[in-house]
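Raw protein_29.cif, mmCIF, C-alpha atoms:
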data_run
loop_
_atom_site.group_PDB
_atom_site.id
_atom_site.type_symbol
_atom_site.label_atom_id
_atom_site.label_comp_id
_atom_site.auth_asym_id
_atom_site.auth_seq_id
_atom_site.Cartn_x
_atom_site.Cartn_y
_atom_site.Cartn_z
ATOM 1 C CA MET A 1 -227.746 87.993 35.692
ATOM 2 C CA ASN A 2 -228.724 91.691 35.373
ATOM 3 C CA TRP A 3 -225.057 92.460 34.628
ATOM 4 C CA LEU A 4 -225.149 90.020 31.719
ATOM 5 C CA LEU A 5 -228.405 91.445 30.334
ATOM 6 C CA GLN A 6 -227.007 94.988 30.367
ATOM 7 C CA ILE A 7 -223.800 94.209 28.454
ATOM 8 C CA PHE A 8 -225.236 95.020 25.013
ATOM 9 C CA ASP A 9 -227.550 97.781 26.177
ATOM 10 C CA PRO A 10 -226.813 100.971 24.136
ATOM 11 C CA ALA A 11 -226.618 103.081 27.290
ATOM 12 C CA THR A 12 -224.122 100.633 28.815
ATOM 13 C CA LEU A 13 -221.974 100.627 25.671
ATOM 14 C CA SER A 14 -222.043 104.422 25.536
ATOM 15 C CA ALA A 15 -221.007 104.665 29.182
ATOM 16 C CA PHE A 16 -218.220 102.141 28.532
ATOM 17 C CA PHE A 17 -216.681 104.174 25.708
ATOM 18 C CA THR A 18 -217.084 107.416 27.672
ATOM 19 C CA GLN A 19 -215.290 105.872 30.644
ATOM 20 C CA PHE A 20 -212.619 104.474 28.340
ATOM 21 C CA GLN A 21 -211.944 107.891 26.763
ATOM 22 C CA ALA A 22 -211.652 109.485 30.199
ATOM 23 C CA GLU A 23 -209.423 106.797 31.714
ATOM 24 C CA MET A 24 -207.005 106.437 28.810
ATOM 25 C CA GLN A 25 -205.872 110.045 29.336
ATOM 26 C CA GLN A 26 -204.489 109.098 32.757
ATOM 27 C CA PRO A 27 -200.979 107.574 33.108
ATOM 28 C CA ALA A 28 -202.348 105.168 35.747
ATOM 29 C CA PHE A 29 -204.539 103.580 33.060
ATOM 30 C CA TRP A 30 -201.551 102.531 30.953
ATOM 31 C CA VAL A 31 -199.628 101.281 34.006
ATOM 32 C CA ALA A 32 -202.604 99.122 35.016
ATOM 33 C CA LEU A 33 -203.019 97.911 31.419
ATOM 34 C CA GLY A 34 -199.407 96.772 31.404
ATOM 35 C CA LYS A 35 -199.984 94.945 34.699
ATOM 36 C CA ILE A 36 -203.010 93.110 33.298
ATOM 37 C CA MET A 37 -201.228 92.038 30.119
ATOM 38 C CA TRP A 38 -198.125 90.830 31.969
ATOM 39 C CA ILE A 39 -200.167 88.959 34.603
ATOM 40 C CA ASN A 40 -202.291 87.313 31.926
ATOM 41 C CA ILE A 41 -199.239 86.237 29.918
ATOM 42 C CA LEU A 42 -197.612 84.706 33.006
ATOM 43 C CA LEU A 43 -200.735 82.806 34.045
ATOM 44 C CA SER A 44 -202.007 81.688 30.626
ATOM 45 C CA GLY A 45 -199.266 79.409 29.332
ATOM 46 C CA ASP A 46 -201.360 76.351 30.197
ATOM 47 C CA ASN A 47 -204.367 77.826 28.374
ATOM 48 C CA ALA A 48 -202.308 78.309 25.208
ATOM 49 C CA LEU A 49 -201.143 74.713 25.502
ATOM 50 C CA VAL A 50 -204.758 73.502 25.741
ATOM 51 C CA ILE A 51 -205.689 75.422 22.587
ATOM 52 C CA ALA A 52 -202.795 73.906 20.650
ATOM 53 C CA MET A 53 -203.517 70.377 21.868
ATOM 54 C CA ALA A 54 -207.268 70.552 21.292
ATOM 55 C CA CYS A 55 -206.716 71.659 17.680
ATOM 56 C CA ARG A 56 -203.863 69.304 16.808
ATOM 57 C CA GLY A 57 -206.224 66.640 15.417
ATOM 58 C CA LEU A 58 -208.028 68.988 13.008
ATOM 59 C CA PRO A 59 -207.299 69.143 9.280
ATOM 60 C CA PRO A 60 -204.724 71.843 8.450
ATOM 61 C CA ARG A 61 -207.349 74.238 7.041
ATOM 62 C CA GLN A 62 -209.519 73.995 10.174
ATOM 63 C CA ARG A 63 -206.649 74.110 12.663
ATOM 64 C CA PHE A 64 -206.133 77.865 12.238
ATOM 65 C CA TRP A 65 -209.842 78.647 12.630
ATOM 66 C CA GLY A 66 -210.098 76.305 15.588
ATOM 67 C CA MET A 67 -207.406 78.279 17.393
ATOM 68 C CA ILE A 68 -208.911 81.654 16.431
ATOM 69 C CA LEU A 69 -212.523 80.772 17.311
ATOM 70 C CA GLY A 70 -211.508 78.895 20.460
ATOM 71 C CA ALA A 71 -209.428 81.825 21.658
ATOM 72 C CA GLY A 72 -212.241 84.257 20.782
ATOM 73 C CA VAL A 73 -214.812 82.330 22.808
ATOM 74 C CA ALA A 74 -212.325 82.013 25.672
ATOM 75 C CA VAL A 75 -211.690 85.793 25.654
ATOM 76 C CA LEU A 76 -215.416 86.606 25.645
ATOM 77 C CA LEU A 77 -216.206 84.218 28.510
ATOM 78 C CA ARG A 78 -213.228 85.405 30.522
ATOM 79 C CA ILE A 79 -214.257 89.062 30.116
ATOM 80 C CA ILE A 80 -217.764 88.215 31.349
ATOM 81 C CA PHE A 81 -216.559 86.250 34.382
ATOM 82 C CA THR A 82 -213.905 88.813 35.258
ATOM 83 C CA GLY A 83 -216.495 91.589 35.013
ATOM 84 C CA ILE A 84 -218.675 89.703 37.495
ATOM 85 C CA VAL A 85 -215.718 89.326 39.882
ATOM 86 C CA VAL A 86 -214.878 93.052 39.553
ATOM 87 C CA THR A 87 -218.475 93.892 40.482
ATOM 88 C CA LEU A 88 -218.494 91.538 43.477
ATOM 89 C CA MET A 89 -215.211 92.916 44.803
ATOM 90 C CA GLY A 90 -217.086 96.007 45.971
ATOM 91 C CA LEU A 91 -218.557 93.919 48.800
ATOM 92 C CA PRO A 92 -216.828 93.795 52.217
ATOM 93 C CA PHE A 93 -214.223 91.066 52.812
ATOM 94 C CA LEU A 94 -214.266 89.815 49.179
ATOM 95 C CA LYS A 95 -211.166 91.840 48.268
ATOM 96 C CA LEU A 96 -209.501 90.438 51.369
ATOM 97 C CA VAL A 97 -210.328 86.875 50.306
ATOM 98 C CA GLY A 98 -209.314 87.636 46.708
ATOM 99 C CA GLY A 99 -206.004 89.099 47.887
ATOM 100 C CA LEU A 100 -205.203 86.011 49.967
ATOM 101 C CA ALA A 101 -206.082 83.797 46.988
ATOM 102 C CA LEU A 102 -203.824 85.929 44.797
ATOM 103 C CA LEU A 103 -200.922 85.465 47.226
ATOM 104 C CA PHE A 104 -201.355 81.700 46.882
ATOM 105 C CA ILE A 105 -201.535 81.958 43.067
ATOM 106 C CA ALA A 106 -198.373 84.097 42.975
ATOM 107 C CA ALA A 107 -196.411 81.709 45.203
ATOM 108 C CA LYS A 108 -197.575 78.725 43.132
ATOM 109 C CA LEU A 109 -196.243 80.443 40.011
ATOM 110 C CA LEU A 110 -192.712 79.872 41.343
ATOM 111 C CA VAL A 111 -193.226 76.124 41.873
ATOM 112 C CA PRO A 112 -192.263 73.826 38.966
ATOM 113 C CA GLU A 113 -195.088 71.646 37.726
ATOM 114 C CA HIS A 114 -195.251 68.411 35.779
ATOM 115 C CA GLU A 115 -197.537 68.770 32.779
ATOM 116 C CA ASP A 116 -199.409 65.747 31.435
ATOM 117 C CA GLU A 117 -200.315 66.142 27.776
ATOM 118 C CA GLY A 118 -202.750 63.239 28.037
ATOM 119 C CA ASP A 119 -205.164 65.431 29.989
ATOM 120 C CA VAL A 120 -206.476 67.101 26.810
ATOM 121 C CA ASP A 121 -207.882 65.091 23.903
ATOM 122 C CA ALA A 122 -207.522 66.241 20.312
ATOM 123 C CA ALA A 123 -210.835 67.168 18.696
ATOM 124 C CA ALA A 124 -212.008 65.529 15.469
ATOM 125 C CA HIS A 125 -213.871 68.551 14.061
ATOM 126 C CA LEU A 126 -213.888 72.325 14.354
ATOM 127 C CA TRP A 127 -216.775 72.989 16.757
ATOM 128 C CA ALA A 128 -215.668 70.185 19.060
ATOM 129 C CA ALA A 129 -212.271 71.909 19.316
ATOM 130 C CA VAL A 130 -213.927 75.256 20.078
ATOM 131 C CA GLN A 131 -215.996 73.617 22.834
ATOM 132 C CA ILE A 132 -212.942 71.928 24.354
ATOM 133 C CA VAL A 133 -211.007 75.205 24.385
ATOM 134 C CA ALA A 134 -213.905 77.198 25.882
ATOM 135 C CA ILE A 135 -214.682 74.677 28.633
ATOM 136 C CA ALA A 136 -211.016 74.147 29.504
ATOM 137 C CA ASP A 137 -210.428 77.906 29.682
ATOM 138 C CA ILE A 138 -213.331 78.333 32.119
ATOM 139 C CA VAL A 139 -212.041 75.537 34.353
ATOM 140 C CA MET A 140 -208.392 76.633 34.246
ATOM 141 C CA SER A 141 -208.771 80.424 34.420
ATOM 142 C CA LEU A 142 -209.827 81.094 38.007
ATOM 143 C CA ASP A 143 -206.338 82.385 38.814
ATOM 144 C CA ASN A 144 -206.390 84.675 35.754
ATOM 145 C CA VAL A 145 -209.840 86.013 36.643
ATOM 146 C CA ILE A 146 -208.882 86.839 40.235
ATOM 147 C CA ALA A 147 -205.564 88.442 39.257
ATOM 148 C CA VAL A 148 -206.932 90.518 36.370
ATOM 149 C CA ALA A 149 -209.973 91.651 38.377
ATOM 150 C CA ALA A 150 -207.615 92.798 41.139
ATOM 151 C CA ALA A 151 -205.326 94.663 38.734
ATOM 152 C CA ALA A 152 -208.294 96.322 36.984
ATOM 153 C CA ASN A 153 -209.393 97.785 40.339
ATOM 154 C CA GLY A 154 -213.014 98.187 39.266
ATOM 155 C CA SER A 155 -212.348 99.469 35.729
ATOM 156 C CA ILE A 156 -214.375 97.552 33.128
ATOM 157 C CA PRO A 157 -212.572 99.191 30.149
ATOM 158 C CA LEU A 158 -209.226 98.131 31.601
ATOM 159 C CA LEU A 159 -210.132 94.492 31.976
ATOM 160 C CA VAL A 160 -211.851 94.285 28.563
ATOM 161 C CA ILE A 161 -208.920 95.850 26.703
ATOM 162 C CA GLY A 162 -206.269 94.030 28.722
ATOM 163 C CA LEU A 163 -207.819 90.610 28.138
ATOM 164 C CA ALA A 164 -208.707 91.311 24.508
ATOM 165 C CA ILE A 165 -205.078 92.196 23.722
ATOM 166 C CA SER A 166 -203.176 89.700 25.855
ATOM 167 C CA VAL A 167 -205.075 86.450 25.207
ATOM 168 C CA PRO A 168 -204.675 86.527 21.384
ATOM 169 C CA LEU A 169 -201.045 87.515 21.955
ATOM 170 C CA ILE A 170 -200.583 84.377 24.048
ATOM 171 C CA VAL A 171 -202.187 82.177 21.392
ATOM 172 C CA ALA A 172 -200.114 83.680 18.594
ATOM 173 C CA GLY A 173 -196.797 83.552 20.428
ATOM 174 C CA ALA A 174 -197.288 80.783 22.986
ATOM 175 C CA ALA A 175 -194.090 78.949 22.042
ATOM 176 C CA LEU A 176 -192.026 82.153 22.002
ATOM 177 C CA ILE A 177 -193.420 83.346 25.326
ATOM 178 C CA MET A 178 -192.870 80.005 27.046
ATOM 179 C CA ALA A 179 -189.313 79.795 25.700
ATOM 180 C CA LEU A 180 -188.622 83.337 26.915
ATOM 181 C CA LEU A 181 -189.906 82.583 30.410
ATOM 182 C CA THR A 182 -187.874 79.359 30.478
ATOM 183 C CA ARG A 183 -184.635 81.084 29.422
ATOM 184 C CA LEU A 184 -185.177 84.089 31.704
ATOM 185 C CA PRO A 185 -186.558 82.769 35.029
ATOM 186 C CA ALA A 186 -186.132 86.238 36.540
ATOM 187 C CA LEU A 187 -189.201 87.325 34.555
ATOM 188 C CA VAL A 188 -191.301 84.718 36.376
ATOM 189 C CA TRP A 189 -189.988 85.867 39.756
ATOM 190 C CA ALA A 190 -190.676 89.488 38.809
ATOM 191 C CA GLY A 191 -194.207 88.541 37.740
ATOM 192 C CA ALA A 192 -194.802 86.697 41.017
ATOM 193 C CA GLY A 193 -193.621 89.781 42.894
ATOM 194 C CA LEU A 194 -196.010 91.918 40.848
ATOM 195 C CA LEU A 195 -198.886 89.617 41.804
ATOM 196 C CA GLY A 196 -197.855 89.916 45.456
ATOM 197 C CA TRP A 197 -197.898 93.713 45.159
ATOM 198 C CA VAL A 198 -201.352 93.656 43.557
ATOM 199 C CA ALA A 199 -202.610 91.289 46.278
ATOM 200 C CA GLY A 200 -201.397 93.645 49.005
ATOM 201 C CA GLU A 201 -203.019 96.657 47.333
ATOM 202 C CA VAL A 202 -206.283 94.757 46.889
ATOM 203 C CA MET A 203 -206.463 93.786 50.568
ATOM 204 C CA ALA A 204 -205.613 97.334 51.617
ATOM 205 C CA THR A 205 -208.616 98.692 49.671
ATOM 206 C CA ASP A 206 -211.148 96.173 51.023
ATOM 207 C CA PRO A 207 -214.148 98.147 52.373
ATOM 208 C CA ALA A 208 -213.933 96.224 55.654
ATOM 209 C CA LEU A 209 -210.192 96.868 56.145
ATOM 210 C CA GLN A 210 -209.537 100.258 54.564
ATOM 211 C CA PRO A 211 -211.143 102.441 57.303
ATOM 212 C CA SER A 212 -209.120 100.704 60.039
ATOM 213 C CA LEU A 213 -205.944 100.986 57.961
ATOM 214 C CA HIS A 214 -206.453 104.718 57.409
ATOM 215 C CA ALA A 215 -207.276 105.239 61.096
ATOM 216 C CA PHE A 216 -204.068 103.447 62.083
ATOM 217 C CA PHE A 217 -201.840 105.506 59.766
ATOM 218 C CA ASN A 218 -203.611 108.748 60.685
ATOM 219 C CA GLY A 219 -202.283 108.223 64.221
ATOM 220 C CA PRO A 220 -198.776 108.544 65.651
ATOM 221 C CA VAL A 221 -197.375 105.778 63.413
ATOM 222 C CA GLY A 222 -198.354 107.554 60.191
ATOM 223 C CA VAL A 223 -197.204 110.943 61.487
ATOM 224 C CA GLY A 224 -193.833 109.447 62.427
ATOM 225 C CA LEU A 225 -193.406 107.781 59.027
ATOM 226 C CA ASP A 226 -194.307 111.034 57.247
ATOM 227 C CA GLY A 227 -191.690 112.797 59.375
ATOM 228 C CA VAL A 228 -189.074 110.328 58.180
ATOM 229 C CA LEU A 229 -190.126 110.889 54.566
ATOM 230 C CA LYS A 230 -189.918 114.673 54.972
ATOM 231 C CA SER A 231 -186.415 114.379 56.420
ATOM 232 C CA ILE A 232 -185.195 112.740 53.200
ATOM 233 C CA GLY A 233 -187.039 115.151 50.925
ATOM 234 C CA MET A 234 -190.083 113.027 50.074
ATOM 235 C CA ALA A 235 -193.760 114.008 50.244
ATOM 236 C CA PRO A 236 -195.943 112.646 53.093
ATOM 237 C CA GLN A 237 -197.713 109.392 52.213
ATOM 238 C CA PHE A 238 -199.422 108.053 55.349
ATOM 239 C CA ALA A 239 -201.385 110.524 57.486
ATOM 240 C CA ASN A 240 -204.398 112.559 56.323
ATOM 241 C CA GLY A 241 -205.785 109.905 53.974
ATOM 242 C CA GLY A 242 -202.524 109.046 52.204
ATOM 243 C CA HIS A 243 -201.938 105.817 50.299
ATOM 244 C CA GLY A 244 -198.868 104.744 52.232
ATOM 245 C CA GLY A 245 -200.798 101.888 53.837
ATOM 246 C CA GLU A 246 -201.403 100.362 50.406
ATOM 247 C CA VAL A 247 -197.685 100.644 49.639
ATOM 248 C CA ILE A 248 -196.778 98.923 52.920
ATOM 249 C CA LEU A 249 -199.195 96.045 52.299
ATOM 250 C CA GLY A 250 -197.968 95.805 48.701
ATOM 251 C CA LEU A 251 -194.376 95.402 49.907
ATOM 252 C CA ILE A 252 -195.517 92.844 52.482
ATOM 253 C CA GLY A 253 -197.307 90.985 49.677
ATOM 254 C CA ILE A 254 -194.096 90.841 47.621
ATOM 255 C CA ALA A 255 -192.125 89.550 50.619
ATOM 256 C CA VAL A 256 -194.722 86.884 51.444
ATOM 257 C CA VAL A 257 -194.909 85.628 47.858
ATOM 258 C CA LEU A 258 -191.153 85.412 47.364
ATOM 259 C CA LEU A 259 -190.574 83.770 50.753
ATOM 260 C CA VAL A 260 -193.410 81.237 50.512
ATOM 261 C CA GLY A 261 -192.707 80.584 46.835
ATOM 262 C CA SER A 262 -189.002 79.965 47.531
ATOM 263 C CA VAL A 263 -189.727 77.479 50.331
ATOM 264 C CA TRP A 264 -192.451 75.759 48.292
ATOM 265 C CA ARG A 265 -190.186 75.567 45.237
ATOM 266 C CA LYS A 266 -187.300 74.148 47.269
ATOM 267 C CA ARG A 267 -189.492 71.412 48.761
ATOM 268 C CA ARG A 268 -190.953 70.521 45.344
ATOM 269 C CA LEU A 269 -187.477 70.221 43.806
ATOM 270 C CA GLN A 270 -186.250 68.127 46.725
ATOM 271 C CA GLY A 271 -189.285 65.846 46.351
ATOM 272 C CA ALA A 272 -188.571 65.466 42.639
ATOM 273 C CA GLU A 273 -184.926 64.570 43.359
ATOM 274 C CA HIS A 274 -185.963 61.918 45.887
ATOM 275 C CA SER A 275 -188.450 60.456 43.396
ATOM 276 C CA ALA A 276 -185.790 60.334 40.684
ATOM 277 C CA THR A 277 -183.263 58.560 42.882
ATOM 278 C CA ALA A 278 -185.801 56.091 44.322
#

Serialized structure, structure tokens:
Amino acid sequence: MNWLLQIFDPATLSAFFTQFQAEMQQPAFWVALGKIMWINILLSGDNALVIAMACRGLPPRQRFWGMILGAGVAVLLRIIFTGIVVTLMGLPFLKLVGGLALLFIAAKLLVPEHEDEGDVDAAAHLWAAVQIVAIADIVMSLDNVIAVAAAANGSIPLLVIGLAISVPLIVAGAALIMALLTRLPALVWAGAGLLGWVAGEVMATDPALQPSLHAFFNGPVGVGLDGVLKSIGMAPQFANGGHGGEVILGLIGIAVVLLVGSVWRKRRLQGAEHSATA
């Protein structure tokens, strides 16, 4: 609750813009921003569908404003909830839990789903449509919140800018984006792999796990791996506080997501075939 009360505090806003100016000068900021936008686009197709369906019953003049206002409320609420998750991720074991949840979300992204358009009713007037969009976005966006909070890695400017840019982009080009992902399935697989990488990095930086991980790679294993890297002309990454452990867990995350997602997808498709032939 204190976090919510401080959002519009002048000192908080000043600190936000100062942090933003400092972070945007770093290449890592723009890489993370790209991650957030891509993750949000991959995971928000259903949210864009809800917006379109909730506004389909409005008069033509109100339909545009219903989509704009609904998306605006959804962005604001998602920024608030993601900011809360970013704050909580500083506690021990929460990054570990969030990383495991993100692995599940990434694997599920590869599984075909059957959408039921009857789940969302068309609204009869503007504010009813805005309410439907806002409530549906809260209910449906847990995966987005976890993924974006993980990719932001504690940076409030990153998550605010990433969400503010990507959600309106989804609303404006929902049909184009969904068609692109349908025609190029490799983009979905690449996005799932990205989520797996983020999940591995998140778990590696959990306050309860990170000291043990660094202690392990500061020993003979890390020294041996750094020796291998030196032999091929690469800089050491593991011993003496290196980030090689995060890279290893990131690669493991990719492997887990692609393996579990492939098996899950295969079983879902086989189940659909059996249902069709029955």

Separation of CA of Met67 in chain A from CA of Pro157 in chain A in Å
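Separation between CA of Pro157 in chain A and CA of Met67 in chain A: 25.0 Å.
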
What does the distance from CA of Ala204 in chain A to CA of Ala150 in chain A come to in Å, to one decimal?
11.6 Å

Step by step: start from the point (-196.8, 104.9, 59.1) in the file's coordinates, keep every protein, DNA or RNA residue that has an atom no farther than 9 Å from it, count only C-alpha atoms, and write the set as a PyMOL selection string.
chain A and resi 216-226+237-239+244-245+248

Writer output for current selection, C-alpha atoms, as a compact mmCIF listing (two decimals), in the frame of the given file:
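Listed below is the output, again_5.txt:
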# COMPACT_ATOMS: atom_id res chain seq x y z
CA PHE A 216 -204.07 103.45 62.08
CA PHE A 217 -201.84 105.51 59.77
CA ASN A 218 -203.61 108.75 60.68
CA GLY A 219 -202.28 108.22 64.22
CA PRO A 220 -198.78 108.54 65.65
CA VAL A 221 -197.38 105.78 63.41
CA GLY A 222 -198.35 107.55 60.19
CA VAL A 223 -197.20 110.94 61.49
CA GLY A 224 -193.83 109.45 62.43
CA LEU A 225 -193.41 107.78 59.03
CA ASP A 226 -194.31 111.03 57.25
CA GLN A 237 -197.71 109.39 52.21
CA PHE A 238 -199.42 108.05 55.35
CA ALA A 239 -201.38 110.52 57.49
CA GLY A 244 -198.87 104.74 52.23
CA GLY A 245 -200.80 101.89 53.84
CA ILE A 248 -196.78 98.92 52.92

Of the residues A:Trp127, A:Trp189, A:Trp38, A:Phe20, which is the one nearest to Leu58 in chain A, using all atoms listed in the file?
A:Trp127

Give me the residues of range 173-271 of chain A that have any atom at most 7 Å from an atom of range 102-107 of chain A; for each, the nearest atom pair and the distance in Å, rounded to one decimal. Use only C-alpha atoms, sort by chain and number, and format it as JSON lines.
{"residue": "A:Ala192", "atom": "CA", "partner": "A:Ala106", "partner_atom": "CA", "distance": 4.8}
{"residue": "A:Leu195", "atom": "CA", "partner": "A:Ala106", "partner_atom": "CA", "distance": 5.7}
{"residue": "A:Gly196", "atom": "CA", "partner": "A:Leu103", "partner_atom": "CA", "distance": 5.7}
{"residue": "A:Ala199", "atom": "CA", "partner": "A:Leu102", "partner_atom": "CA", "distance": 5.7}
{"residue": "A:Val257", "atom": "CA", "partner": "A:Ala107", "partner_atom": "CA", "distance": 5.0}
{"residue": "A:Leu258", "atom": "CA", "partner": "A:Ala107", "partner_atom": "CA", "distance": 6.8}
{"residue": "A:Val260", "atom": "CA", "partner": "A:Ala107", "partner_atom": "CA", "distance": 6.1}
{"residue": "A:Gly261", "atom": "CA", "partner": "A:Ala107", "partner_atom": "CA", "distance": 4.2}

C-alpha atoms of the current selection, written as an mmCIF file, keeping the file's coordinate frame:
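Writing done, so here's again.cif:
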data_model
loop_
_atom_site.group_PDB
_atom_site.id
_atom_site.type_symbol
_atom_site.label_atom_id
_atom_site.label_comp_id
_atom_site.auth_asym_id
_atom_site.auth_seq_id
_atom_site.Cartn_x
_atom_site.Cartn_y
_atom_site.Cartn_z
ATOM 1 C CA ALA A 192 -194.802 86.697 41.017
ATOM 2 C CA LEU A 195 -198.886 89.617 41.804
ATOM 3 C CA GLY A 196 -197.855 89.916 45.456
ATOM 4 C CA ALA A 199 -202.610 91.289 46.278
ATOM 5 C CA VAL A 257 -194.909 85.628 47.858
ATOM 6 C CA LEU A 258 -191.153 85.412 47.364
ATOM 7 C CA VAL A 260 -193.410 81.237 50.512
ATOM 8 C CA GLY A 261 -192.707 80.584 46.835
#

How many Å separate CA of Leu184 in chain A from CA of Arg265 in chain A?
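Those two atoms sit 16.8 Å apart.
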
For Leu94 in chain A, find every residue with an atom within 10 Å (counting all atoms listed in the file), except residues of its own chain fewer than 6 positions away, and show them as a VMD selection string.
chain A and resid 85 88 100 202 to 203 206 to 208

Quick one: 3 Å padding each side, axis-aligned, all listed atoms of range 61-65 of chain A - centre and edge lengths in Å to one decimal, as JSON?
{"center_x": -208.0, "center_y": 76.3, "center_z": 9.9, "size_x": 9.7, "size_y": 10.7, "size_z": 11.6}

Residues at most 12 Å from Trp30 in chain A, counting all atoms listed in the file, excluding those fewer than 6 positions away in the same chain, as a PyMOL selection string?
chain A and resi 20+23-24+36-37+151-152+157-159+161-162

Counting only C-alpha atoms, the option among A:Val111, A:Ile146, A:Ala190, A:Ile41 closest to Ser262 in chain A
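Nearest to Ser262 in chain A: A:Val111.
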
Compute the distance from (-209.3, 82.6, 13.8) to each atom, counting all atoms listed in the file, keep the residues with any atom at most 12 Å away, and return them as number ranges by chain; use the coordinates of the file.
A: 51, 55, 61-73, 126, 130, 168, 171-172

Fix up range 82-99 of chain A with N, CA and C atoms, then write it as a short mmCIF file (atom, residue, chain, number, x, y, z; two decimals), in the frame of the given file.
data_model
loop_
_atom_site.label_atom_id
_atom_site.label_comp_id
_atom_site.auth_asym_id
_atom_site.auth_seq_id
_atom_site.Cartn_x
_atom_site.Cartn_y
_atom_site.Cartn_z
N THR A 82 -214.72 87.85 34.54
CA THR A 82 -213.90 88.81 35.26
C THR A 82 -214.71 90.05 35.61
N GLY A 83 -215.61 90.46 34.70
CA GLY A 83 -216.50 91.59 35.01
C GLY A 83 -217.38 91.31 36.22
N ILE A 84 -217.86 90.07 36.33
CA ILE A 84 -218.68 89.70 37.49
C ILE A 84 -217.84 89.79 38.77
N VAL A 85 -216.58 89.28 38.71
CA VAL A 85 -215.72 89.33 39.88
C VAL A 85 -215.40 90.77 40.27
N VAL A 86 -215.14 91.64 39.27
CA VAL A 86 -214.88 93.05 39.55
C VAL A 86 -216.06 93.67 40.28
N THR A 87 -217.28 93.35 39.84
CA THR A 87 -218.48 93.89 40.48
C THR A 87 -218.60 93.40 41.92
N LEU A 88 -218.35 92.11 42.13
CA LEU A 88 -218.49 91.54 43.48
C LEU A 88 -217.44 92.05 44.44
N MET A 89 -216.29 92.47 43.93
CA MET A 89 -215.21 92.92 44.80
C MET A 89 -215.53 94.21 45.54
N GLY A 90 -216.65 94.84 45.21
CA GLY A 90 -217.09 96.01 45.97
C GLY A 90 -217.69 95.64 47.31
N LEU A 91 -217.96 94.37 47.54
CA LEU A 91 -218.56 93.92 48.80
C LEU A 91 -217.48 93.72 49.86
N PRO A 92 -217.82 93.95 51.14
CA PRO A 92 -216.83 93.80 52.22
C PRO A 92 -216.26 92.38 52.27
N PHE A 93 -214.98 92.30 52.59
CA PHE A 93 -214.22 91.07 52.81
C PHE A 93 -213.90 90.28 51.52
N LEU A 94 -214.56 90.57 50.39
CA LEU A 94 -214.27 89.82 49.18
C LEU A 94 -212.90 90.18 48.61
N LYS A 95 -212.51 91.46 48.70
CA LYS A 95 -211.17 91.84 48.27
C LYS A 95 -210.11 91.20 49.16
N LEU A 96 -210.43 91.08 50.44
CA LEU A 96 -209.50 90.44 51.37
C LEU A 96 -209.30 88.97 50.99
N VAL A 97 -210.41 88.28 50.72
CA VAL A 97 -210.33 86.88 50.31
C VAL A 97 -209.61 86.76 48.96
N GLY A 98 -209.96 87.65 48.02
CA GLY A 98 -209.31 87.64 46.71
C GLY A 98 -207.82 87.90 46.81
N GLY A 99 -207.42 88.81 47.70
CA GLY A 99 -206.00 89.10 47.89
C GLY A 99 -205.25 87.91 48.44
#
